[in-house]
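> File run_27.csv below, CSV, C-alpha atoms:
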chain,number,residue,atom,x,y,z
A,1,MET,CA,24.1,54.8,-42.1
A,2,GLU,CA,24.8,54.2,-38.4
A,3,ARG,CA,23.7,57.6,-37.3
A,4,VAL,CA,20.5,57.3,-39.3
A,5,VAL,CA,19.6,54.0,-37.6
A,6,LEU,CA,20.4,55.5,-34.2
A,7,ARG,CA,18.1,58.4,-34.8
A,8,PHE,CA,15.4,56.2,-36.2
A,9,LEU,CA,15.6,54.0,-33.1
A,10,LEU,CA,15.2,57.0,-30.9
A,11,ALA,CA,12.3,58.4,-32.9
A,12,SER,CA,10.6,55.0,-32.9
A,13,ALA,CA,11.1,54.7,-29.2
A,14,VAL,CA,9.6,58.1,-28.6
A,15,ILE,CA,6.5,57.4,-30.7
A,16,LEU,CA,6.0,54.0,-29.1
A,17,THR,CA,6.4,55.5,-25.6
A,18,ALA,CA,3.9,58.2,-26.3
A,19,ALA,CA,1.5,55.8,-27.7
A,20,THR,CA,1.8,53.5,-24.7
A,21,VAL,CA,1.3,56.4,-22.3
A,22,ILE,CA,-1.6,57.9,-24.2
A,23,SER,CA,-3.5,54.6,-24.4
A,24,GLY,CA,-3.1,54.2,-20.6
A,25,GLU,CA,-0.9,51.1,-21.0
A,26,ARG,CA,2.3,50.8,-19.2
A,27,VAL,CA,5.2,48.5,-20.0
A,28,ASN,CA,6.2,46.5,-16.9
A,29,GLU,CA,9.7,47.1,-15.7
A,30,THR,CA,10.3,43.3,-15.7
A,31,SER,CA,9.1,42.8,-19.3
A,32,ALA,CA,11.4,41.9,-22.2
A,33,THR,CA,11.6,45.5,-23.3
A,34,ALA,CA,12.6,46.9,-19.9
A,35,GLU,CA,16.0,47.8,-21.2
A,36,LEU,CA,14.4,50.6,-23.3
A,37,VAL,CA,13.3,52.3,-20.1
A,38,TRP,CA,9.9,53.3,-21.3
A,39,SER,CA,8.6,56.5,-19.7
A,40,LYS,CA,6.1,55.9,-16.9
A,41,GLY,CA,3.8,58.0,-14.8
A,42,LYS,CA,3.3,60.8,-17.4
A,43,LEU,CA,0.0,62.2,-18.5
A,44,GLU,CA,-0.7,62.8,-22.1
A,45,SER,CA,-0.8,66.5,-21.5
A,46,ASP,CA,2.6,66.3,-19.9
A,47,LEU,CA,4.2,64.4,-22.7
A,48,LEU,CA,2.7,66.3,-25.6
A,49,SER,CA,3.3,69.8,-24.3
A,50,LYS,CA,6.5,71.7,-24.7
A,51,PRO,CA,8.1,73.2,-21.6
A,52,GLU,CA,7.1,76.7,-20.8
A,53,PRO,CA,9.7,79.4,-20.3
A,54,GLY,CA,10.2,80.7,-16.7
A,55,ASN,CA,7.6,83.2,-15.7
A,56,SER,CA,7.8,86.1,-13.3
A,57,ASP,CA,4.8,85.2,-11.2
A,58,TYR,CA,4.7,86.8,-7.8
A,59,LEU,CA,5.3,83.6,-6.0
A,60,SER,CA,8.0,82.1,-8.3
A,61,ALA,CA,10.4,81.6,-5.5
A,62,GLY,CA,13.3,79.3,-6.6
A,63,ALA,CA,12.0,79.1,-10.2
A,64,ASP,CA,15.1,80.3,-11.9
A,65,VAL,CA,16.2,77.2,-13.9
A,66,ASP,CA,19.3,78.8,-15.4
A,67,ASP,CA,21.0,80.0,-12.3
A,68,HIS,CA,21.7,76.5,-11.3
A,69,ASP,CA,21.7,76.1,-15.1
A,70,ASP,CA,23.0,74.7,-14.5
A,71,LEU,CA,20.2,72.2,-14.1
A,72,ASP,CA,19.0,72.5,-17.6
A,73,GLY,CA,20.0,70.4,-20.6
A,74,GLY,CA,21.6,67.3,-19.1
A,75,PHE,CA,20.4,63.7,-19.1
A,76,SER,CA,21.9,60.7,-17.3
A,77,SER,CA,19.9,57.9,-18.9
A,78,LEU,CA,17.9,56.9,-22.0
A,79,ASP,CA,14.8,57.6,-19.9
A,80,GLY,CA,15.8,61.2,-19.7
A,81,VAL,CA,16.6,61.4,-23.4
A,82,LEU,CA,13.2,60.0,-24.3
A,83,ARG,CA,11.3,62.4,-22.0
A,84,TRP,CA,13.3,65.3,-23.4
A,85,ALA,CA,12.7,64.2,-27.0
A,86,ILE,CA,8.9,63.9,-26.3
A,87,GLY,CA,8.8,67.3,-24.7
A,88,HIS,CA,10.7,68.9,-27.6
A,89,SER,CA,8.8,67.2,-30.4
A,90,ASP,CA,6.1,68.8,-32.5
A,91,PRO,CA,2.9,68.0,-30.4
A,92,ALA,CA,0.6,67.6,-33.4
A,93,LYS,CA,3.0,65.3,-35.3
A,94,LEU,CA,3.9,63.3,-32.3
A,95,LYS,CA,0.2,62.8,-31.4
A,96,GLU,CA,-0.6,61.8,-35.0
A,97,SER,CA,2.2,59.3,-35.1
A,98,ALA,CA,1.2,58.0,-31.6
A,99,GLU,CA,-2.4,57.6,-32.7
A,100,ASP,CA,-1.2,55.5,-35.7
A,101,VAL,CA,0.7,53.2,-33.3
A,102,GLN,CA,-2.4,53.1,-31.0
A,103,ARG,CA,-4.3,51.3,-33.8
A,104,LEU,CA,-1.9,48.4,-33.5
A,105,SER,CA,-3.1,45.5,-31.4
A,106,ALA,CA,-1.4,44.7,-28.1
A,107,SER,CA,0.5,41.9,-29.7
A,108,GLU,CA,1.5,44.1,-32.7
A,109,LEU,CA,2.7,46.8,-30.4
A,110,GLN,CA,4.7,44.3,-28.3
A,111,LYS,CA,6.2,43.0,-31.6
A,112,ARG,CA,7.3,46.5,-32.6
A,113,GLN,CA,8.9,47.1,-29.2
A,114,LEU,CA,10.8,43.7,-29.4
A,115,GLU,CA,12.0,44.6,-32.9
A,116,ILE,CA,13.6,47.8,-31.7
A,117,LYS,CA,15.1,46.0,-28.7
A,118,GLU,CA,16.6,43.3,-30.9
A,119,LEU,CA,18.0,45.8,-33.4
A,120,ILE,CA,19.7,47.7,-30.6
A,121,GLU,CA,21.2,44.5,-29.2
A,122,LYS,CA,22.5,43.5,-32.6
A,123,MET,CA,24.3,46.8,-33.1
A,124,ASN,CA,27.6,47.7,-31.6
A,125,MET,CA,26.4,50.8,-29.7
A,126,PRO,CA,28.9,53.7,-30.2
A,127,SER,CA,30.8,55.2,-27.4
A,128,ASP,CA,30.1,58.8,-26.2
A,129,ALA,CA,33.2,59.9,-28.0
A,130,GLN,CA,32.0,58.4,-31.2
A,131,LEU,CA,28.5,60.0,-30.8
A,132,MET,CA,30.2,63.4,-30.1
A,133,GLN,CA,32.3,62.9,-33.3
A,134,ILE,CA,29.2,62.3,-35.3
A,135,ALA,CA,27.6,65.5,-34.0
A,136,ILE,CA,30.7,67.5,-34.6
A,137,ASP,CA,31.0,66.1,-38.1
A,138,ASP,CA,27.4,67.2,-38.8
A,139,LEU,CA,28.2,70.8,-37.6
A,140,ASN,CA,31.4,70.8,-39.7
A,141,ASN,CA,29.5,69.8,-42.8
A,142,SER,CA,28.5,72.9,-44.7
A,143,SER,CA,25.7,70.9,-46.4
A,144,SER,CA,24.0,70.0,-43.2
A,145,SER,CA,20.5,71.3,-42.9
A,146,LEU,CA,19.3,73.6,-40.1
A,147,GLU,CA,17.5,70.7,-38.5
A,148,ASP,CA,20.6,68.5,-38.6
A,149,ARG,CA,22.6,71.3,-36.9
A,150,GLN,CA,20.0,71.8,-34.2
A,151,ARG,CA,19.9,68.1,-33.6
A,152,ALA,CA,23.7,67.8,-33.4
A,153,LEU,CA,23.9,70.6,-30.8
A,154,GLN,CA,21.1,69.1,-28.8
A,155,GLU,CA,23.1,65.8,-28.8
A,156,LEU,CA,26.2,67.6,-27.7
A,157,LEU,CA,24.3,69.3,-24.9
A,158,ILE,CA,23.5,65.9,-23.5
A,159,LEU,CA,26.9,64.4,-24.1
A,160,VAL,CA,29.2,67.1,-22.7
A,161,GLU,CA,27.6,67.0,-19.2
A,162,PRO,CA,30.0,64.4,-17.8
A,163,LEU,CA,33.4,65.9,-17.0
A,164,ASP,CA,35.4,63.4,-19.1
A,165,ASN,CA,33.2,64.1,-22.2
A,166,ALA,CA,33.5,67.8,-21.7
A,167,ASN,CA,37.3,67.4,-21.6
A,168,ASP,CA,37.2,65.4,-24.8
A,169,LEU,CA,35.2,68.0,-26.8
A,170,ASN,CA,38.3,70.0,-27.6
A,171,LYS,CA,40.4,66.9,-28.4
A,172,LEU,CA,37.8,66.0,-31.0
A,173,GLY,CA,37.9,69.5,-32.5
A,174,GLY,CA,34.4,70.2,-31.2
A,175,LEU,CA,35.0,73.4,-29.2
A,176,ALA,CA,36.2,75.4,-32.2
A,177,ILE,CA,33.4,74.2,-34.3
A,178,VAL,CA,30.7,75.0,-31.6
A,179,ILE,CA,32.3,78.5,-31.1
A,180,GLN,CA,32.1,79.0,-34.9
A,181,GLU,CA,28.3,78.3,-34.7
A,182,LEU,CA,28.0,81.4,-32.4
A,183,ASN,CA,28.1,83.3,-35.7
A,184,HIS,CA,25.4,81.4,-37.4
A,185,PRO,CA,22.5,83.5,-38.8
A,186,ASP,CA,19.9,81.4,-37.0
A,187,PRO,CA,19.3,82.6,-33.4
A,188,ASP,CA,18.3,79.1,-32.2
A,189,ILE,CA,21.7,77.7,-33.5
A,190,ARG,CA,23.5,80.5,-31.6
A,191,ARG,CA,21.4,79.9,-28.5
A,192,LEU,CA,22.2,76.1,-28.5
A,193,SER,CA,25.8,76.8,-29.2
A,194,ALA,CA,26.1,79.1,-26.2
A,195,TRP,CA,24.3,76.5,-24.1
A,196,VAL,CA,26.7,73.7,-25.1
A,197,LEU,CA,29.7,75.9,-24.2
A,198,GLY,CA,28.2,76.9,-20.8
A,199,LYS,CA,27.4,73.3,-20.0
A,200,ALA,CA,30.9,72.0,-21.1
A,201,CYS,CA,32.9,74.6,-19.0
A,202,GLN,CA,30.7,74.7,-15.9
A,203,ASN,CA,33.0,74.1,-12.9
A,204,ASN,CA,35.6,72.9,-15.3
A,205,PRO,CA,38.8,75.0,-15.3
A,206,VAL,CA,40.3,73.0,-18.2
A,207,VAL,CA,37.5,73.7,-20.6
A,208,GLN,CA,37.2,77.3,-19.3
A,209,LYS,CA,40.8,77.9,-20.3
A,210,GLN,CA,40.3,76.3,-23.7
A,211,ILE,CA,37.2,78.4,-24.5
A,212,LEU,CA,39.0,81.6,-23.4
A,213,GLU,CA,42.0,80.8,-25.6
A,214,LEU,CA,39.6,80.3,-28.6
A,215,GLY,CA,38.3,83.9,-28.0
A,216,ALA,CA,34.6,83.0,-27.3
A,217,LEU,CA,34.1,85.3,-24.3
A,218,THR,CA,33.9,88.5,-26.4
A,219,LYS,CA,31.3,87.0,-28.7
A,220,LEU,CA,29.2,85.7,-25.8
A,221,ILE,CA,29.2,89.1,-24.1
A,222,LYS,CA,27.9,90.7,-27.3
A,223,MET,CA,25.2,87.9,-27.6
A,224,VAL,CA,23.8,88.9,-24.2
A,225,LYS,CA,22.6,92.1,-25.9
A,226,SER,CA,20.7,90.1,-28.6
A,227,THR,CA,17.1,91.0,-29.4
A,228,SER,CA,16.3,87.3,-29.0
A,229,ILE,CA,15.6,86.9,-25.3
A,230,GLU,CA,16.3,83.1,-25.3
A,231,GLU,CA,19.7,83.7,-27.1
A,232,ALA,CA,20.6,86.4,-24.6
A,233,ILE,CA,19.7,84.2,-21.6
A,234,LYS,CA,21.8,81.3,-22.8
A,235,ALA,CA,24.7,83.6,-23.7
A,236,LEU,CA,24.6,85.1,-20.2
A,237,TYR,CA,24.5,81.5,-18.7
A,238,ALA,CA,27.6,80.7,-20.8
A,239,VAL,CA,29.4,83.8,-19.7
A,240,SER,CA,28.7,83.0,-16.0
A,241,ALA,CA,29.9,79.5,-16.4
A,242,LEU,CA,33.0,80.6,-18.2
A,243,ILE,CA,34.2,83.2,-15.6
A,244,ARG,CA,33.0,81.5,-12.4
A,245,ASN,CA,35.9,81.0,-9.9
A,246,ASN,CA,38.3,81.9,-12.7
A,247,LEU,CA,40.4,85.0,-12.0
A,248,SER,CA,42.0,85.3,-15.5
A,249,SER,CA,38.6,85.0,-17.3
A,250,GLN,CA,37.2,87.6,-14.9
A,251,GLU,CA,40.0,90.1,-15.8
A,252,LEU,CA,39.1,89.6,-19.5
A,253,PHE,CA,35.4,90.0,-18.6
A,254,TYR,CA,36.1,93.4,-17.2
A,255,ALA,CA,38.4,94.3,-20.1
A,256,GLU,CA,35.6,93.5,-22.5
A,257,ALA,CA,33.2,95.8,-20.6
A,258,GLY,CA,31.2,92.9,-19.1
A,259,ASP,CA,30.5,95.0,-16.1
A,260,THR,CA,28.8,97.6,-18.3
A,261,MET,CA,26.7,94.8,-19.8
A,262,LEU,CA,25.6,93.7,-16.4
A,263,GLN,CA,24.7,97.3,-15.3
A,264,GLU,CA,22.6,97.8,-18.5
A,265,ILE,CA,20.6,94.7,-17.7
A,266,LEU,CA,20.1,95.5,-14.1
A,267,SER,CA,19.1,99.1,-14.6
A,268,ASN,CA,16.7,98.3,-17.4
A,269,SER,CA,13.3,97.6,-15.8
A,270,SER,CA,12.0,96.2,-19.0
A,271,SER,CA,14.6,93.4,-19.2
A,272,ASP,CA,13.3,89.9,-19.0
A,273,ILE,CA,13.2,88.8,-15.4
A,274,ARG,CA,15.3,85.8,-16.2
A,275,LEU,CA,18.1,88.1,-17.3
A,276,HIS,CA,17.7,90.1,-14.1
A,277,ARG,CA,18.0,86.9,-12.1
A,278,LYS,CA,21.1,85.7,-14.0
A,279,ALA,CA,22.8,89.1,-13.9
A,280,VAL,CA,22.4,89.7,-10.2
A,281,PHE,CA,23.4,86.1,-9.5
A,282,LEU,CA,26.6,86.7,-11.5
A,283,VAL,CA,27.2,89.9,-9.5
A,284,ALA,CA,27.0,88.1,-6.2
A,285,ASP,CA,29.3,85.4,-7.6
A,286,LEU,CA,31.9,87.9,-8.7
A,287,VAL,CA,31.9,89.7,-5.4
A,288,GLU,CA,32.2,86.5,-3.5
A,289,CYS,CA,35.2,85.6,-5.6
A,290,GLN,CA,36.7,89.0,-4.7
A,291,LEU,CA,36.1,88.3,-1.0
A,292,GLU,CA,37.9,85.0,-1.3
A,293,ASN,CA,40.9,86.7,-2.9
A,294,LEU,CA,41.5,89.7,-0.7
A,295,ALA,CA,44.9,90.5,-2.0
A,296,ARG,CA,43.4,91.2,-5.4
A,297,ALA,CA,42.5,94.8,-6.2
A,298,GLU,CA,38.8,95.4,-6.1
A,299,SER,CA,37.1,96.5,-9.3
A,300,PRO,CA,35.9,100.1,-9.5
A,301,PHE,CA,32.7,98.6,-10.8
A,302,PHE,CA,31.7,97.6,-7.3
A,303,ARG,CA,31.8,101.2,-6.2
A,304,ASN,CA,29.7,102.6,-9.0
A,305,ARG,CA,26.7,104.3,-7.3
A,306,PHE,CA,24.4,103.8,-10.3
A,307,PHE,CA,25.3,100.1,-10.4
A,308,LEU,CA,24.7,99.7,-6.6
A,309,LYS,CA,21.4,101.5,-6.9
A,310,SER,CA,20.3,99.1,-9.7
A,311,VAL,CA,21.0,96.1,-7.4
A,312,VAL,CA,19.2,97.6,-4.4
A,313,ASP,CA,16.2,98.5,-6.6
A,314,LEU,CA,15.7,94.8,-7.4
A,315,THR,CA,14.6,94.2,-3.8
A,316,ALA,CA,11.3,96.0,-4.8
A,317,SER,CA,10.5,93.2,-7.3
A,318,THR,CA,7.5,91.1,-6.7
A,319,ASP,CA,9.6,88.0,-7.7
A,320,LEU,CA,10.9,86.4,-4.5
A,321,ASP,CA,13.6,84.5,-6.2
A,322,LEU,CA,15.0,87.8,-7.7
A,323,GLN,CA,14.7,89.4,-4.3
A,324,GLU,CA,16.7,86.7,-2.7
A,325,LYS,CA,19.5,86.9,-5.3
A,326,ALA,CA,19.6,90.7,-4.9
A,327,LEU,CA,19.9,90.4,-1.1
A,328,VAL,CA,22.8,88.0,-1.5
A,329,ALA,CA,24.5,90.4,-3.9
A,330,ILE,CA,24.0,93.3,-1.4
A,331,LYS,CA,25.3,91.3,1.5
A,332,ASN,CA,28.5,90.5,-0.4
A,333,LEU,CA,28.9,94.1,-1.7
A,334,LEU,CA,28.6,95.5,1.9
A,335,GLN,CA,31.5,93.3,3.0
A,336,LEU,CA,34.0,94.7,0.5
A,337,LYS,CA,36.9,96.7,1.9
A,338,THR,CA,36.2,99.7,-0.4
A,339,THR,CA,32.4,99.8,0.3
A,340,GLU,CA,31.1,103.3,0.8
A,341,VAL,CA,28.2,102.6,3.0
A,342,LEU,CA,26.9,106.2,2.8
A,343,ILE,CA,26.2,105.5,-0.9
A,344,PHE,CA,24.0,102.7,0.1
A,345,LYS,CA,22.3,104.9,2.7
A,346,ASP,CA,21.8,108.2,0.9
A,347,PHE,CA,21.9,107.4,-2.8
A,348,CYS,CA,20.5,103.9,-2.9
A,349,ASP,CA,18.1,104.2,0.1
A,350,LEU,CA,18.9,100.7,1.2
A,351,ASN,CA,17.3,101.2,4.6
A,352,GLY,CA,14.0,102.2,3.1
A,353,SER,CA,14.2,99.3,0.7
A,354,LEU,CA,14.8,96.8,3.5
A,355,VAL,CA,11.9,98.2,5.6
A,356,ARG,CA,9.5,97.9,2.7
A,357,MET,CA,10.7,94.4,2.0
A,358,ARG,CA,10.1,93.4,5.6
A,359,GLN,CA,6.5,94.5,5.4
A,360,GLN,CA,6.0,92.5,2.2
A,361,LEU,CA,7.5,89.4,3.8
A,362,LEU,CA,5.4,89.8,7.0
A,363,ASP,CA,2.3,89.8,4.8
A,364,LEU,CA,3.5,86.6,3.1
A,365,MET,CA,4.1,84.9,6.4
A,366,ALA,CA,0.3,85.0,7.0
A,367,SER,CA,0.0,82.5,4.2
A,368,GLU,CA,0.8,79.0,5.3
A,369,ASP,CA,1.8,78.0,1.7
A,370,HIS,CA,4.6,80.6,1.6
A,371,ARG,CA,5.5,81.0,5.2
A,372,ASP,CA,8.7,78.9,5.2
A,373,TYR,CA,10.2,80.6,2.3
A,374,ALA,CA,9.2,84.0,3.5
A,375,VAL,CA,10.8,83.2,6.9
A,376,ASP,CA,14.1,82.2,5.3
A,377,LEU,CA,14.1,85.3,3.1
A,378,GLU,CA,13.3,87.5,6.2
A,379,ASN,CA,16.3,86.0,8.0
A,380,LEU,CA,18.5,86.9,5.0
A,381,ARG,CA,17.0,90.4,4.9
A,382,ARG,CA,17.8,90.9,8.6
A,383,GLU,CA,21.4,89.7,8.1
A,384,VAL,CA,21.8,92.3,5.4
A,385,GLU,CA,20.2,94.9,7.6
A,386,LEU,CA,22.6,94.0,10.5
A,387,ILE,CA,25.7,94.3,8.3
A,388,PHE,CA,24.4,97.6,6.9
A,389,HIS,CA,23.7,99.1,10.3
A,390,GLU,CA,27.1,97.9,11.7
A,391,LYS,CA,28.7,99.6,8.8
A,392,LEU,CA,26.9,102.8,9.9
A,393,GLY,CA,28.1,102.3,13.4
A,394,LYS,CA,24.7,101.3,14.8
A,395,VAL,CA,23.5,98.2,16.8
A,396,MET,CA,20.5,96.1,15.9
A,397,LYS,CA,19.1,93.1,17.6
A,398,VAL,CA,18.4,90.3,15.2
A,399,PRO,CA,15.4,88.2,16.5
A,400,THR,CA,15.4,84.5,16.4
A,401,ARG,CA,12.9,82.3,14.5
A,402,ARG,CA,10.9,82.1,17.7
A,403,ASP,CA,10.5,85.9,17.6
A,404,ILE,CA,9.5,85.9,14.0
A,405,SER,CA,5.9,86.9,14.6
A,406,ALA,CA,6.8,89.6,17.1
A,407,PRO,CA,7.5,93.2,15.9
A,408,MET,CA,11.2,93.9,15.5
A,409,GLN,CA,12.8,96.2,18.1
A,410,PHE,CA,15.6,98.5,16.8
A,411,LEU,CA,18.0,100.0,19.2
Do you think you could lay out the structure here as C-alpha cells?

Amino acid sequence: MERVVLRFLLASAVILTAATVISGERVNETSATAELVWSKGKLESDLLSKPEPGNSDYLSAGADVDDHDDLDGGFSSLDGVLRWAIGHSDPAKLKESAEDVQRLSASELQKRQLEIKELIEKMNMPSDAQLMQIAIDDLNNSSSSLEDRQRALQELLILVEPLDNANDLNKLGGLAIVIQELNHPDPDIRRLSAWVLGKACQNNPVVQKQILELGALTKLIKMVKSTSIEEAIKALYAVSALIRNNLSSQELFYAEAGDTMLQEILSNSSSDIRLHRKAVFLVADLVECQLENLARAESPFFRNRFFLKSVVDLTASTDLDLQEKALVAIKNLLQLKTTEVLIFKDFCDLNGSLVRMRQQLLDLMASEDHRDYAVDLENLRREVELIFHEKLGKVMKVPTRRDISAPMQFL
C-alpha cells in the first residue's frame, strides 16, 4: 500500500506541476507548498517533450552524454525527479491530465497542492534502503508487469547514484536480481538494467568487484552487439564503468574478446556515432591505465595495425567531439613502449590525417561561435603531431595561441 501511495503522490505532483507551468502560474518558493519543490522556469514545450537522443551534427562538440555518463540518470533532489518524470511521461496523457487540473480554480489548485503536502507530512517517508528494497522486490516478483519492472529499474537508477546506496545494493540482494534482468526478453528492460549496473559501479571498486564475481561482464559485452542501439549504448557504458581503473576486470575484458568488440565498432562506419564516441573513449582510458602501470605487459591489441587505423580514421569525422576523443586515444597510443610509429606513418597515414584535420579546424576558427573549441582542439592536434614527429626523429615547432592565426612552420 505504501508504495502505491508514494507513486500516486509523485504522479499527482507531476500533473500539478505541469498544469501550473502550462497555465503560466508559478508557485512561490516561500509558499506553503515550497517543500514540494515545484518545477520553475520551464516552457510547456520543454516539459511535455521527451529528450532527444544524441545527434551527430557537425558542430556537436562535447555532446556525448554517455561518456561522462556518466552524467545521465542521476537526481539529487525531488525537483530533479519531477523534471525527469515529466520528461519521460507520455506527452499526450500528461497534457490531458494537466488540462483537467487547469480547469480547477486557483483556490482548488492550491487546495490540491496542500492535500498532497499534508499527506506527505503525515507519512513516515521511507529511507533510501527501503525504497531500494521495494524496487528490488518488484523485480523479484515474477507477476510484476513490464511497466512495474521498468519503473523499479528507473527508481534504482536514481537511488544507486550515492556511493553508500550503491554499496548497499548487493547487501539487499539487488545486484544479482538486476543482473538477472539482463536476460529479460524486453530490450528496454535490458537497457535499464545495464544502465543501473554502470551507474552503481562507476568509480566504485567495491561494486565493480561484486559485479565481476557475479559474472555480468560477459553478458554485457555480448549486449554491446545488440541490434537495439539504445541497449548497445548502455551496455557499452556499463562495460566502461566496470573496467575503468580496474586491472583485474580489464584482464577479463581481454579474455572475453572485449578488444575485438571495440575494433568491430570502430571499424564499422555505419555504427551509431554514440557507440564510436564511447568505444574510442574506452580505448583512450585503457591505454592511459596501461601508461600508469608500466610494469604490466602491454596488450597485443594496442599494436594491431587494423585497430590503429580504425582509430586514426575517426579523425576524419565531421563530429568534433569524436575527433577530440580520437586524438586523445592516438596521443596515448603513441606513448606506449611497444608503439611501432611506422605503422602510424605508412599504414594509418596519421600525418595526412593530421594535416587534413588542421585545415578543417582553421576553417572553423573563422567562425566566432566555434573558434574557442576549434583552438583547443587544434592545440591537442598539434600535441599529437609533435609526439608523432618526435617518434619519427623529426623536430617540429609548436606555435603558441598568439600564433594561432599564422601559418605553421615545419622544420
> For Tyr373 (chain A), work out the shell of residues within 12 Å, counting all atoms listed in the file and skipping chain neighbours fewer than 4 positions away, then give it as a PDB file with C-alpha atoms, keeping the file's coordinate frame.

ATOM      1  CA  LEU A  59       5.300  83.600  -6.000  1.00  0.00           C
ATOM      2  CA  SER A  60       8.000  82.100  -8.300  1.00  0.00           C
ATOM      3  CA  ALA A  61      10.400  81.600  -5.500  1.00  0.00           C
ATOM      4  CA  GLY A  62      13.300  79.300  -6.600  1.00  0.00           C
ATOM      5  CA  LEU A 320      10.900  86.400  -4.500  1.00  0.00           C
ATOM      6  CA  ASP A 321      13.600  84.500  -6.200  1.00  0.00           C
ATOM      7  CA  GLN A 323      14.700  89.400  -4.300  1.00  0.00           C
ATOM      8  CA  GLU A 324      16.700  86.700  -2.700  1.00  0.00           C
ATOM      9  CA  LEU A 361       7.500  89.400   3.800  1.00  0.00           C
ATOM     10  CA  LEU A 362       5.400  89.800   7.000  1.00  0.00           C
ATOM     11  CA  LEU A 364       3.500  86.600   3.100  1.00  0.00           C
ATOM     12  CA  MET A 365       4.100  84.900   6.400  1.00  0.00           C
ATOM     13  CA  ALA A 366       0.300  85.000   7.000  1.00  0.00           C
ATOM     14  CA  SER A 367       0.000  82.500   4.200  1.00  0.00           C
ATOM     15  CA  GLU A 368       0.800  79.000   5.300  1.00  0.00           C
ATOM     16  CA  ASP A 369       1.800  78.000   1.700  1.00  0.00           C
ATOM     17  CA  LEU A 377      14.100  85.300   3.100  1.00  0.00           C
ATOM     18  CA  GLU A 378      13.300  87.500   6.200  1.00  0.00           C
ATOM     19  CA  ASN A 379      16.300  86.000   8.000  1.00  0.00           C
ATOM     20  CA  LEU A 380      18.500  86.900   5.000  1.00  0.00           C
TER      21      LEU A 380
END
> CA of Ser193 (chain A) to CA of Leu153 (chain A): how many Å, to one decimal?
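Computed distance, CA of Ser193 (chain A) to CA of Leu153 (chain A), equals 6.7 Å.
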> One decimal, in Å: what's the spacing between CA of Leu282 (chain A) and CA of Gly198 (chain A)?
13.6 Å
> Tell me, as a list in words, which residues lie within 9 Å of Val207 (chain A), counting all atoms listed in the file; anything in the same chain fewer than 5 positions away does not count.
Ala166, Asn167, Leu169, Asn170, Leu175, Leu197, Ala200, Cys201, Gln202, Leu212 and Leu242 of chain A
> Just the number, please: distance in Å from CA of Leu354 (chain A) to CA of Asp313 (chain A), one decimal.
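Here the two named atoms are 10.3 Å from each other.
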> If we count only C-alpha atoms and set the cut-off at 12 Å, which residues sit around Ser267 (chain A), ignoring sequence neighbours fewer than 3 positions away in its own chain? Please answer as a PyMOL selection string.
chain A and resi 260-264+270-273+275-276+279-280+305-314
> Under the rule that all atoms listed in the file are counted, which of A:Ala135, A:Met223, A:Val341, A:Met357 is the nearest residue to Thr318 (chain A)?
A:Met357
> Using all atoms listed in the file, collect all residues at a distance of at most 10 Å from (20.3, 91.4, 8.8) as written in the file, then present them as a list of chain:residue names.
A:Leu327, A:Lys331, A:Leu354, A:Glu378, A:Asn379, A:Leu380, A:Arg381, A:Arg382, A:Glu383, A:Val384, A:Glu385, A:Leu386, A:Ile387, A:Phe388, A:His389, A:Glu390, A:Met396, A:Lys397, A:Val398, A:Pro399
> Neighbouring residues of Leu336 (chain A) were defined as those with any atom within 12 Å, considering all atoms listed in the file; residues of the same chain fewer than 3 positions away were excluded. Please report them as a count of residues only.
29
> Within 9 Å of (38.9, 63.6, -29.5), all atoms listed in the file: residues as number ranges by chain?
A: 129-130, 132-133, 167-174
> Any chance you can output those residues with C-alpha atoms as an mmCIF file, keeping the file's coordinate frame?

data_model
loop_
_atom_site.group_PDB
_atom_site.id
_atom_site.type_symbol
_atom_site.label_atom_id
_atom_site.label_comp_id
_atom_site.auth_asym_id
_atom_site.auth_seq_id
_atom_site.Cartn_x
_atom_site.Cartn_y
_atom_site.Cartn_z
ATOM 1 C CA ALA A 129 33.200 59.900 -28.000
ATOM 2 C CA GLN A 130 32.000 58.400 -31.200
ATOM 3 C CA MET A 132 30.200 63.400 -30.100
ATOM 4 C CA GLN A 133 32.300 62.900 -33.300
ATOM 5 C CA ASN A 167 37.300 67.400 -21.600
ATOM 6 C CA ASP A 168 37.200 65.400 -24.800
ATOM 7 C CA LEU A 169 35.200 68.000 -26.800
ATOM 8 C CA ASN A 170 38.300 70.000 -27.600
ATOM 9 C CA LYS A 171 40.400 66.900 -28.400
ATOM 10 C CA LEU A 172 37.800 66.000 -31.000
ATOM 11 C CA GLY A 173 37.900 69.500 -32.500
ATOM 12 C CA GLY A 174 34.400 70.200 -31.200
#
> Neighbours of Glu181 (chain A) within 10 Å (all atoms listed in the file; same-chain residues fewer than 6 positions away dropped), as a PDB file with C-alpha atoms, in the frame of the given file?

ATOM      1  CA  LEU A 139      28.200  70.800 -37.600  1.00  0.00           C
ATOM      2  CA  ASN A 140      31.400  70.800 -39.700  1.00  0.00           C
ATOM      3  CA  ARG A 149      22.600  71.300 -36.900  1.00  0.00           C
ATOM      4  CA  LEU A 153      23.900  70.600 -30.800  1.00  0.00           C
ATOM      5  CA  LEU A 175      35.000  73.400 -29.200  1.00  0.00           C
ATOM      6  CA  ILE A 189      21.700  77.700 -33.500  1.00  0.00           C
ATOM      7  CA  ARG A 190      23.500  80.500 -31.600  1.00  0.00           C
ATOM      8  CA  ARG A 191      21.400  79.900 -28.500  1.00  0.00           C
ATOM      9  CA  LEU A 192      22.200  76.100 -28.500  1.00  0.00           C
ATOM     10  CA  SER A 193      25.800  76.800 -29.200  1.00  0.00           C
ATOM     11  CA  ALA A 194      26.100  79.100 -26.200  1.00  0.00           C
TER      12      ALA A 194
END
> Between A:Ile265, A:Val239, A:Leu156, A:Leu146, which residue has the minimum interatomic distance to Lys219 (chain A), considering only C-alpha atoms?
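So, comparing all the options, the nearest one is A:Val239.
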> Please determine, counting all atoms listed in the file, which residue among A:Glu251, A:Asp188, A:Glu147, A:Glu161 has the shortest atom-to-atom distance to Asn203 (chain A).
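Nearest to Asn203 (chain A): A:Glu161.
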